[in-house]
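**Q** Pasting start-v8.txt below, which is compact mmCIF, C-alpha atoms.
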```txt
# COMPACT_ATOMS: atom_id res chain seq x y z
CA MET A 1 -111.73 -21.71 -142.22
CA LYS A 2 -115.18 -20.80 -140.97
CA ASN A 3 -117.41 -23.51 -139.50
CA ARG A 4 -120.61 -23.29 -141.52
CA ASN A 5 -122.64 -25.03 -138.79
CA LEU A 6 -122.02 -22.24 -136.26
CA THR A 7 -122.47 -18.48 -136.37
CA GLY A 8 -120.85 -15.93 -134.07
CA GLY A 9 -117.72 -16.71 -132.08
CA LEU A 10 -114.33 -15.02 -131.89
CA PHE A 11 -113.51 -15.11 -135.59
CA ASP A 12 -116.76 -14.11 -137.23
CA GLY A 13 -115.36 -10.88 -138.73
CA ARG A 14 -117.25 -8.45 -136.51
CA GLY A 15 -114.25 -7.61 -134.32
CA LYS A 16 -115.68 -8.63 -130.95
CA PRO A 17 -116.60 -12.01 -129.46
CA GLN A 18 -120.11 -13.18 -130.18
CA THR A 19 -122.06 -16.05 -128.68
CA LEU A 20 -121.86 -19.21 -130.79
CA LYS A 21 -125.22 -20.16 -132.25
CA GLU A 22 -126.26 -23.05 -134.41
CA SER A 23 -126.88 -21.91 -137.98
CA ALA A 24 -130.28 -22.37 -139.60
CA LYS A 25 -128.80 -24.80 -142.14
CA SER A 26 -127.32 -27.07 -139.48
CA LYS A 27 -130.61 -27.16 -137.54
CA LYS A 28 -132.22 -28.88 -140.55
CA VAL A 29 -129.78 -31.78 -140.21
CA VAL A 30 -130.96 -32.76 -136.71
CA THR A 31 -133.79 -35.27 -136.91
CA PRO A 32 -135.89 -36.77 -134.10
CA GLU A 33 -133.80 -39.95 -134.44
CA LYS A 34 -130.60 -37.94 -133.96
CA ASN A 35 -132.14 -36.36 -130.83
CA ILE A 36 -132.74 -39.84 -129.39
CA GLN A 37 -129.16 -40.79 -130.24
CA ALA A 38 -127.82 -37.57 -128.68
CA SER A 39 -129.71 -38.33 -125.45
CA PHE A 40 -128.23 -41.81 -125.37
CA ILE A 41 -124.69 -40.52 -125.98
CA ALA A 42 -125.21 -37.90 -123.23
CA TRP A 43 -126.13 -40.76 -120.85
CA ARG A 44 -122.96 -42.59 -121.90
CA ASN A 45 -120.84 -39.48 -121.44
CA ILE A 46 -122.19 -38.82 -117.96
CA HIS A 47 -121.30 -42.32 -116.77
CA LYS A 48 -118.18 -43.30 -118.74
CA ARG A 49 -115.78 -42.09 -116.05
CA GLN A 50 -117.38 -44.34 -113.43
CA PHE A 51 -117.94 -47.16 -115.96
CA PRO A 52 -114.94 -47.06 -118.37
CA ILE A 53 -116.39 -49.94 -120.41
CA LEU A 54 -118.83 -47.37 -121.85
CA LYS A 55 -115.90 -45.87 -123.79
CA CYS A 56 -116.22 -48.78 -126.22
CA ILE A 57 -119.48 -47.23 -127.48
CA PHE A 58 -119.22 -44.77 -130.37
CA ALA A 59 -121.42 -43.24 -133.04
CA VAL A 60 -121.10 -43.66 -136.80
CA PRO A 61 -121.42 -40.28 -138.57
CA ASN A 62 -123.99 -41.42 -141.10
CA GLY A 63 -126.76 -39.12 -142.25
CA PHE A 64 -125.63 -35.63 -141.21
CA TRP A 65 -123.02 -35.30 -143.96
CA THR A 66 -125.51 -35.54 -146.84
CA GLU A 67 -126.07 -31.74 -146.75
CA ASN A 68 -122.63 -31.16 -148.27
CA LYS A 69 -122.24 -33.32 -151.39
CA ALA A 70 -118.46 -32.81 -151.69
CA TYR A 71 -117.94 -33.82 -148.06
CA ALA A 72 -120.28 -36.79 -148.54
CA ALA A 73 -118.27 -37.98 -151.55
CA ALA A 74 -115.01 -37.69 -149.60
CA MET A 75 -116.48 -39.63 -146.65
CA VAL A 76 -117.68 -42.42 -148.97
CA LEU A 77 -114.20 -42.64 -150.53
CA GLN A 78 -112.85 -43.04 -146.98
CA GLY A 79 -115.22 -45.92 -146.26
CA LEU A 80 -118.43 -44.47 -144.83
CA THR A 81 -121.12 -46.95 -145.81
CA GLU A 82 -124.85 -46.39 -146.12
CA GLY A 83 -126.95 -48.55 -143.82
CA ILE A 84 -124.47 -49.07 -140.98
CA GLN A 85 -126.11 -48.79 -137.56
CA ASP A 86 -126.00 -45.49 -135.66
CA VAL A 87 -124.09 -46.67 -132.59
CA ILE A 88 -121.58 -49.48 -132.20
CA CYS A 89 -120.32 -51.12 -129.01
CA LEU A 90 -117.05 -52.98 -129.58
CA SER A 91 -117.25 -55.07 -126.43
CA PRO A 92 -118.47 -58.65 -126.28
CA SER A 93 -121.56 -59.34 -124.23
CA ALA A 94 -121.09 -60.23 -120.58
CA ASP A 95 -122.51 -63.70 -121.19
CA GLY A 96 -120.18 -64.30 -124.16
CA LYS A 97 -123.08 -64.81 -126.57
CA TYR A 98 -122.30 -61.81 -128.82
CA HIS A 99 -119.11 -60.26 -130.25
CA GLY A 100 -120.49 -56.73 -129.91
CA LEU A 101 -123.63 -54.59 -130.07
CA LEU A 102 -125.01 -52.43 -132.90
CA ILE A 103 -127.93 -50.06 -132.33
CA GLU A 104 -130.10 -48.32 -134.92
CA PHE A 105 -132.23 -45.45 -133.58
CA LYS A 106 -135.74 -44.93 -134.91
CA THR A 107 -138.68 -42.83 -133.72
CA GLU A 108 -142.02 -44.17 -132.52
CA SER A 109 -143.62 -43.20 -135.83
CA GLU A 110 -144.98 -45.99 -138.02
CA LYS A 111 -143.12 -44.40 -140.94
CA SER A 112 -139.81 -44.78 -139.12
CA GLN A 113 -138.60 -48.12 -140.38
CA GLN A 114 -135.23 -49.44 -141.43
CA SER A 115 -134.17 -48.87 -145.02
CA PRO A 116 -133.25 -51.90 -147.17
CA GLU A 117 -129.55 -51.12 -146.58
CA GLN A 118 -130.10 -50.94 -142.81
CA LEU A 119 -132.02 -54.24 -142.86
CA PHE A 120 -129.18 -55.85 -144.79
CA PHE A 121 -126.56 -54.82 -142.22
CA HIS A 122 -128.90 -55.68 -139.32
CA GLU A 123 -129.19 -59.26 -140.59
CA PHE A 124 -125.58 -59.44 -141.82
CA PHE A 125 -124.04 -58.51 -138.46
CA ALA A 126 -126.52 -60.70 -136.58
CA SER A 127 -125.38 -63.65 -138.72
CA LEU A 128 -121.76 -62.90 -137.71
CA GLY A 129 -122.56 -63.10 -133.99
CA TYR A 130 -123.26 -59.44 -133.18
CA ARG A 131 -126.29 -58.27 -131.26
CA THR A 132 -128.28 -55.88 -133.45
CA GLU A 133 -131.10 -53.80 -131.99
CA VAL A 134 -133.51 -51.09 -133.10
CA CYS A 135 -134.17 -48.65 -130.26
CA ARG A 136 -136.94 -46.07 -130.19
CA SER A 137 -135.74 -44.24 -127.08
CA ALA A 138 -132.52 -43.44 -125.27
CA PHE A 139 -133.96 -45.26 -122.25
CA SER A 140 -134.39 -48.55 -124.14
CA ALA A 141 -130.88 -48.26 -125.62
CA SER A 142 -129.46 -47.70 -122.13
CA VAL A 143 -131.28 -50.77 -120.82
CA ILE A 144 -129.90 -52.87 -123.68
CA VAL A 145 -126.33 -51.60 -123.09
CA ASN A 146 -126.57 -52.41 -119.37
CA GLU A 147 -127.80 -55.90 -120.20
CA HIS A 148 -125.23 -56.45 -122.95
CA LEU A 149 -122.27 -55.31 -120.84
CA GLY A 150 -123.52 -56.84 -117.58
CA ILE A 151 -123.32 -53.54 -115.71
CA ARG A 152 -125.75 -51.43 -113.70
CA VAL A 153 -125.39 -47.88 -114.91
CA PRO A 154 -128.20 -45.68 -113.54
CA ILE A 155 -130.95 -44.95 -116.07
CA TYR A 156 -133.41 -42.13 -115.60
CA PRO A 157 -136.61 -42.41 -117.64
CA ARG A 158 -137.91 -39.27 -119.32
```
Could you take the file, read its structure, and then write that structure out as structure tokens?
**A**
Amino acid sequence: MKNRNLTGGLFDGRGKPQTLKESAKSKKVVTPEKNIQASFIAWRNIHKRQFPILKCIFAVPNGFWTENKAYAAAMVLQGLTEGIQDVICLSPSADGKYHGLLIEFKTESEKSQQSPEQLFFHEFFASLGYRTEVCRSAFSASVIVNEHLGIRVPIYPR
């Protein structure tokens, strides 16, 4: 089965290996918010070997799948829910105040605000004892994670 998000590669039908490139369609799926999230996850990935607690942080695949309606329908049947935060940390805070941490990424733009579904889950999880944050940069998310987990992972501002 061909990956529609990539072009080229060993099995592209041209008989010789080609460099993998992102397809034009998949480039449309990446938003500025997803770029912020990708930077944050790259920071986590760089440091998770030295700080294994960072392995409790993972992304929720919301948003990108809407390009393919059949895939979106299958994901919803499997439990993907609109409005869930972008990144979840399943570790309690170092001070014991919170059960975990949920981060929603937004850009600096005034238009970039939480949807009604996102606001619902932000308030819902906060009422259950989770720390819920809206971050507008990978740097701010990294600062919050350090504070939440009580660790000192190096952070390099852009």
**Q** Find the distance between atom CA of A:Cys56 and atom CA of A:Arg131 and write it in Å to one decimal.
**A**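 Pair atom CA of A:Cys56 / atom CA of A:Arg131 returns 14.7 Å.
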**Q** Looking at all atoms listed in the file, which of A:Leu101, A:Met75, A:Leu54, A:Val60 is the one that sits closest to A:Phe125?
**A**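 That would be A:Leu101, the residue with the smallest distance to A:Phe125.
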**Q** Between A:Ala42, A:Thr31, A:Thr81, A:Ile88, which is the closest to A:Phe58 once you count all atoms listed in the file?
**A** A:Ile88
**Q** Please measure the separation of atom CA of A:Thr132 and atom CA of A:Pro116, giving the value in Å to one decimal.
**A**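 The value is 15.1 Å.
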**Q** A:Tyr156, A:Ala138, A:Tyr130, A:Tyr71: which is nearest A:Thr107, counting all atoms listed in the file?
**A**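 Among the listed residues, A:Ala138 lies closest to A:Thr107.
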**Q** Kindly give the distance, in Å, that separates atom CA of A:Asn62 and atom CA of A:Val76, rounded to a single decimal.
**A** 10.1 Å
**Q** Which residues are close to A:Ile57, i.e. within 8 Å by all atoms listed in the file, leaving aside same-chain residues fewer than 2 positions away? Reply as number ranges by chain.
**A** A: 54-55, 59, 87-90
**Q** Pick the closest to A:Pro61 from A:Lys106, A:Lys97, A:His122, A:Lys34: which is it, counting only C-alpha atoms?
**A**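 Closest candidate: A:Lys34.
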**Q** Counting all atoms listed in the file, figure out which residue out of A:Leu102, A:Cys135, A:Leu80, A:Ile151 gets nearest to A:Glu123.
**A** A:Leu102
**Q** As a list in words, please: the residues near A:His47 (cut-off 12 Å, only C-alpha atoms, same-chain neighbours under 4 positions excluded).
**A**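 In the requested form, the answer reads Phe40, Ile41, Ala42, Trp43, Phe51, Pro52, Ile53, Leu54, Lys55, Ile57, Ser142, Asn146, Ile151, Arg152, Val153, Pro154 and Ile155 of chain A.
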